[in-house]
There are 2 protein chains.
Amino acid sequence: MHGSFDALWSDLLDVGRDATSGGYRRFTGTAAELTCREWFIAQAGARGLDIETDRNGNQWAWHAPDAPGRAIVTGSHLDSVPDGGAYDGPLGVIAAFAAFDELVARDALPAGPFAVVAFVEEEGARFGVPCLGSRLLTGALDADAVRGRRDGDGVDVATAWSALGVPAAGLGPDPERLARIGVYLELHVEQGRGLVHSGHPIGVAGGLRPHGRWRLSFRGAPDHAGTTALVDRFDPMLTFARCVLEAREAAAQHDAVATVGRVRVLPNATNVIPSAVEAWLDARADAEASVHAVVAEVAARAAANAAIDGVTLDVVEESFSPAVRFDVGLAGRLAARLGGAPVLDSGAGHDAGILAAAGVPTAMLFVRNPSGVSHAPAEHADRDDCLAGVTALADCIAELAP
Amino acid sequence: MHGSFDALWSDLLDVGRDATSGGYRRFTGTAAELTCREWFIAQAGARGLDIETDRNGNQWAWHAPDAPGRAIVTGSHLDSVPDGGAYDGPLGVIAAFAAFDELVARDALPAGPFAVVAFVEEEGARFGVPCLGSRLLTGALDADAVRGRRDGDGVDVATAWSALGVPAAGLGPDPERLARIGVYLELHVEQGRGLVHSGHPIGVAGGLRPHGRWRLSFRGAPDHAGTTALVDRFDPMLTFARCVLEAREAAAQHDAVATVGRVRVLPNATNVIPSAVEAWLDARADAEASVHAVVAEVAARAAANAAIDGVTLDVVEESFSPAVRFDVGLAGRLAARLGGAPVLDSGAGHDAGILAAAGVPTAMLFVRNPSGVSHAPAEHADRDDCLAGVTALADCIAELAP
């Protein structure tokens with residue numbers, strides 16, 4: 001069965017990889033992401049699975065779709081953050097196909113419906129909202145609001161989704177499809193070192209920490225960098241810089257993490273005082289109250305600084321994901337089946353969290369990550385651990401099959 | 001003669017103007033800048049002037065090039081900063097053609113050689129070094145170093161200059177051309193409110209303040225924004241943010257100005273701790289020692305902070321322009337000819353400063369700017385003041401003609 005995993009893995013290894021950074025750039029509707037989608041269709045076809053692209057652009061590959069009962073569904077996503085790693089997303093889809101192959105070899109395929117899924121725009125790298133495909137599926141996002149979004153180049157969702165062959169007019173909740181899912185399993189590289197510390201290659205998710213994204217827009221007055229006295233400036237870069245440092249302080253105070261990883265400066269010229277600085281704040285904590293406290297504190301201090309600097313401030317919540325507790329019974333059953341795998345929480349968001357919040361019985365498996373690094377080229381999992389993940393996923397599917 | 005100015009002005013008004021910001025984006029070798037260059041050739045042709053593009057891409061329009069004596073040259077540049085104003089650059093070229101028309105109408109053209117010039121890449125918006133065309137002409141820049149530069153998209157100088165029809169192999173000093181210039185006059189919108197305070201529409205430049213650009217590269221370690229504990233981060237955004245605030249402090253302390261107007265974040269994703277932040281520091285003061293003190297202090301404090309944050313720092317001087325004192329006798333003579341125009345210093349850099357540093361007798365005229373704003377869409381000069389500038393430029397040419 002190792003050949004199955006290795007072939008699946010090597011197929012995707014070079015798709016959308018940047019030669020300079022070594023990281024991946026697989027953004028929804030771009031050539032690299034479309035290549036990944038074609039790969040999904042080819043793999044489904046090679047296994048005799050029925051292929052569907054749903055109204056939101058998520059891809060499904062079905063075995064026995066018309067068999068009685070609700071489906072066991074497993075998968076993840078194929079898109080990446082800018083310069084992301086090879087594992088976050090693709091490992092879960094590859095493992096799903098490889099686990100299918102392992103169940104075929106064991107002659108242990110579920111009798112009921114089974115599907116491999118690849119959710120679209122999980123990272124939100126192009127349109128700013130993570131888990132876009134699963135949130136549209138469950139109705140957690142308003143389809144009109146999604147249709148109104150534009151990427152960093154001003155391209156709208158309709159144009160991007162047309163490259164997927166999916167009309168934007170059809171975006172929206174898909175309750176019948178959701179009702180077909182009896183259980184959703186997502187295998188994912190761990191984004192931390194919990195499994196390193198516990199000494200296990202595979203873990204089961206207990207829950208996901210609450211998290212969200214806020215866009216802070218600081219607007220000042222553009223002017224000449226050489227001829228404008230310091231006292232005559234309305235420089236949003238200064239207000240922004242204070243905000244970065246205050247976000248760190250607030251996070252430390254509230255036992256949270258806060259990150260400013262994305263910035264847009266206008267007009268972004270060396271000899272021009274900026275007219276505007278837009279910054280995205282990512283905040284997460286164990287408790288939702290802590291996340292809200294961090295954001296409230298950052299926004300209040302930024303507003304006060306903006307008033308002093310003669311700058312205006314807008315704060316917009318781009319997404320918020322409440323805490324997710326996965327089905328405790330299901331997690332325990334799978335952990336036991338895997339011979340006592342540890343149960344860990346994660347600070348990352350996942351489509352599994354969106355489905356769990358919509359009432360779908362959901363579980364996640366994590367594969368050990370030696371450095372804990374994720375969303376970066378150094379993200380890694382050893383091949384042996386990935387293979388253990390495939391076997392664990394096949395075991396879990398067999399455990400859950402009626 | 002007003003018709004001449006108005007026609008010249010309206011020709012360029014919409015070229016490269018961004019519909020959203022209202023500012024101009026005329027970067028070397030782009031469609032908008034090439035349209036400006038074609039306009040220059042058409043205007044020269046319409047006046048029977050001989051057109052030359054020199055080895056560095058600067059454009060020249062000659063009257064009586066073969067007459068004895070050295071030339072009176074006047075002009076400015078046609079490129080812009082991102083979202084720049086309509087006046088910075090084009091006003092000096094338009095005024096040069098309009099002053100030529102006024103001298104024709106007065107039947108007072110110089111008997112000796114006369115040229116209108118448009119220097120290429122004055123703003124440095126595409127390749128990072130301001131006054132690139134005039135610095136190449138005088139030999140102030142090493143041509144090989146220029147050929148090695150790339151724009152923000154990784155495009156090299158050779159590719160950009162090929163759009164101008166200028167082979168990059170020929171870039172470099174042009175001493176014969178430089179020796180032909182007997183005097184250089186540049187008319188420019190004032191980038192400050194000195195003339196507003198003095199109540200004059202036109203002023204004469206005394207000198208240019210020293211200034212420069214430094215690139216600070218902060219490199220950390222990319223990782224997941226949600227799963228990486230604060231203490232495990234090597235986040236260059238924090239070090240950068242402190243640097244922005246310290247640059248402001250250092251500038252205030254040394255009676256200088258310092259600006260961070262351009263920033264590049266890698267990979268620039270909401271849910272990724274940045275791998276690197278590059279920032280450009282623009283620093284200027286009355287005294288060169290003050291500029292160097294600001295930059296040394298900013299670099300030292302940034303290095304100390306980088307060490308604390310586990311981030312590396314590189315500081316590269318991208319350009320430095322020493323203080324320029326224009327020819328005092330020439331400035332006084334022109335000020336007198338203009339009926340006692342005030343003599344003012346400027347905090348901006350200009351091609352005139354590069355030529356003056358190379359030993360060319362050089363003077364500048366400034367046109368009043370009601371708000372003082374420059375490098376921004378709000379940059380403005382009243383039409384009457386622009387027309388007064390044209391007449392003053394014609395008067396100065398007549399004053400200097402043998």
# chains A, B, ... in the order shown; residues from 1 in each chain; ligands from 1

$ residues_around --residues "stretch 125-134 of chain A" --least-positions-apart "3" --cutoff "9 Å" --atoms "only C-alpha atoms" --output "MDAnalysis selection string"
(chainID A and resid 26:28 56:58 79:82 119:122 137:141 146 149:152 156:157 213 318:319 349:352 354:355) or (chainID B and resid 269:271)

$ interface_residues --of "chain A" --to "chain B" --cutoff "6 Å" --atoms "only C-alpha atoms" --output "PyMOL selection string"
chain A and resi 82+191-192+222-227+241+259+261-262+267-270+272-274+280+347-348+373-376

$ select_by_dssp --residues "stretch 139-336 of chain A" --states "strand (DSSP E)" --output "MDAnalysis selection string"
chainID A and resid 181:189 202:208 211:219 223:224 256:266 272:273 276:285 312:321 324:325

$ residues_around --residues "A:Asp107" --least-positions-apart "5" --cutoff "12 Å" --atoms "only C-alpha atoms" --output "list in words"
Ala99, Phe100, Asp101, Glu102, Ala394 and Ala398 of chain A

$ atom_distance --atom1 "atom CA of B:Leu334" --atom2 "atom CA of B:Val104"
20.5 Å

$ residues_around --residues "B:Glu399" --least-positions-apart "6" --cutoff "12 Å" --atoms "only C-alpha atoms" --output "MDAnalysis selection string"
chainID B and resid 72 103 108:110 183 185 330:331 333:338 392:393

$ select_by_dssp --residues "stretch 4-158 of chain A" --states "alpha helix (DSSP H)" --output "PyMOL selection string"
chain A and resi 4-12+31-46+90-106+132-138+143-147+157-158

$ decode --residues "stretch 285-380 of chain B" --atoms "C-alpha atoms" --output "tab-separated table (two decimals), in the first residue's frame"
chain	number	residue	atom	x	y	z
B	285	ALA	CA	17.72	66.99	7.29
B	286	ASP	CA	19.39	70.36	6.85
B	287	ALA	CA	22.77	68.86	7.71
B	288	GLU	CA	24.26	65.67	6.33
B	289	ALA	CA	25.51	64.78	9.80
B	290	SER	CA	21.92	64.80	11.04
B	291	VAL	CA	20.82	62.39	8.31
B	292	HIS	CA	23.68	60.04	9.15
B	293	ALA	CA	22.96	60.32	12.87
B	294	VAL	CA	19.31	59.36	12.33
B	295	VAL	CA	20.18	56.37	10.16
B	296	ALA	CA	22.95	55.18	12.49
B	297	GLU	CA	20.64	55.42	15.48
B	298	VAL	CA	17.76	53.65	13.74
B	299	ALA	CA	20.07	50.88	12.49
B	300	ALA	CA	21.69	50.39	15.90
B	301	ARG	CA	18.40	50.22	17.75
B	302	ALA	CA	16.91	47.92	15.12
B	303	ALA	CA	19.93	45.61	15.39
B	304	ALA	CA	19.57	45.47	19.16
B	305	ASN	CA	15.85	44.73	18.89
B	306	ALA	CA	16.48	42.13	16.20
B	307	ALA	CA	18.88	40.30	18.51
B	308	ILE	CA	16.24	40.26	21.25
B	309	ASP	CA	13.54	39.05	18.84
B	310	GLY	CA	15.70	36.34	17.25
B	311	VAL	CA	15.45	38.12	13.92
B	312	THR	CA	18.27	39.05	11.53
B	313	LEU	CA	18.71	42.53	10.10
B	314	ASP	CA	20.40	43.83	6.96
B	315	VAL	CA	20.68	47.54	6.23
B	316	VAL	CA	21.58	48.67	2.70
B	317	GLU	CA	22.00	52.27	1.57
B	318	GLU	CA	20.08	52.47	-1.70
B	319	SER	CA	20.96	56.09	-2.43
B	320	PHE	CA	22.42	59.13	-0.73
B	321	SER	CA	22.26	62.69	-2.05
B	322	PRO	CA	24.58	65.15	-0.30
B	323	ALA	CA	23.45	68.72	0.32
B	324	VAL	CA	23.35	70.82	-2.85
B	325	ARG	CA	24.05	74.56	-2.89
B	326	PHE	CA	23.02	75.95	-6.25
B	327	ASP	CA	25.28	78.59	-7.88
B	328	VAL	CA	24.71	81.62	-5.64
B	329	GLY	CA	25.51	84.17	-8.31
B	330	LEU	CA	23.14	82.55	-10.76
B	331	ALA	CA	20.32	82.27	-8.22
B	332	GLY	CA	20.77	85.94	-7.26
B	333	ARG	CA	20.80	87.07	-10.87
B	334	LEU	CA	17.59	85.17	-11.67
B	335	ALA	CA	15.88	86.33	-8.47
B	336	ALA	CA	16.71	89.91	-9.41
B	337	ARG	CA	15.50	89.43	-12.97
B	338	LEU	CA	12.21	88.12	-11.56
B	339	GLY	CA	11.76	91.32	-9.59
B	340	GLY	CA	13.04	90.10	-6.28
B	341	ALA	CA	11.78	86.53	-6.11
B	342	PRO	CA	12.48	84.82	-2.79
B	343	VAL	CA	15.28	82.25	-2.59
B	344	LEU	CA	14.21	79.01	-0.84
B	345	ASP	CA	15.71	75.66	0.03
B	346	SER	CA	13.91	72.39	-0.69
B	347	GLY	CA	13.70	69.10	1.15
B	348	ALA	CA	13.16	67.19	-2.07
B	349	GLY	CA	15.71	65.77	-4.49
B	350	HIS	CA	15.84	66.82	-8.14
B	351	ASP	CA	17.86	66.08	-11.29
B	352	ALA	CA	19.01	69.71	-10.97
B	353	GLY	CA	20.81	68.70	-7.78
B	354	ILE	CA	22.62	65.88	-9.58
B	355	LEU	CA	23.77	68.21	-12.37
B	356	ALA	CA	24.83	70.88	-9.87
B	357	ALA	CA	26.89	68.29	-7.98
B	358	ALA	CA	28.56	67.43	-11.30
B	359	GLY	CA	29.64	71.03	-11.76
B	360	VAL	CA	26.94	72.24	-14.15
B	361	PRO	CA	25.77	75.82	-13.40
B	362	THR	CA	22.24	75.07	-12.30
B	363	ALA	CA	19.19	76.90	-11.03
B	364	MET	CA	15.62	75.98	-10.11
B	365	LEU	CA	12.40	77.93	-10.12
B	366	PHE	CA	9.56	76.95	-7.80
B	367	VAL	CA	5.86	77.55	-8.45
B	368	ARG	CA	3.62	78.24	-5.43
B	369	ASN	CA	1.68	75.25	-4.02
B	370	PRO	CA	-1.29	76.36	-1.89
B	371	SER	CA	-1.44	73.29	0.35
B	372	GLY	CA	2.22	72.35	0.16
B	373	VAL	CA	1.13	68.75	-0.52
B	374	SER	CA	3.24	66.79	-2.98
B	375	HIS	CA	3.68	63.14	-4.07
B	376	ALA	CA	-0.06	62.82	-3.61
B	377	PRO	CA	-3.21	63.45	-5.65
B	378	ALA	CA	-3.89	66.70	-3.74
B	379	GLU	CA	-0.67	68.29	-5.10
B	380	HIS	CA	-1.72	71.54	-6.81
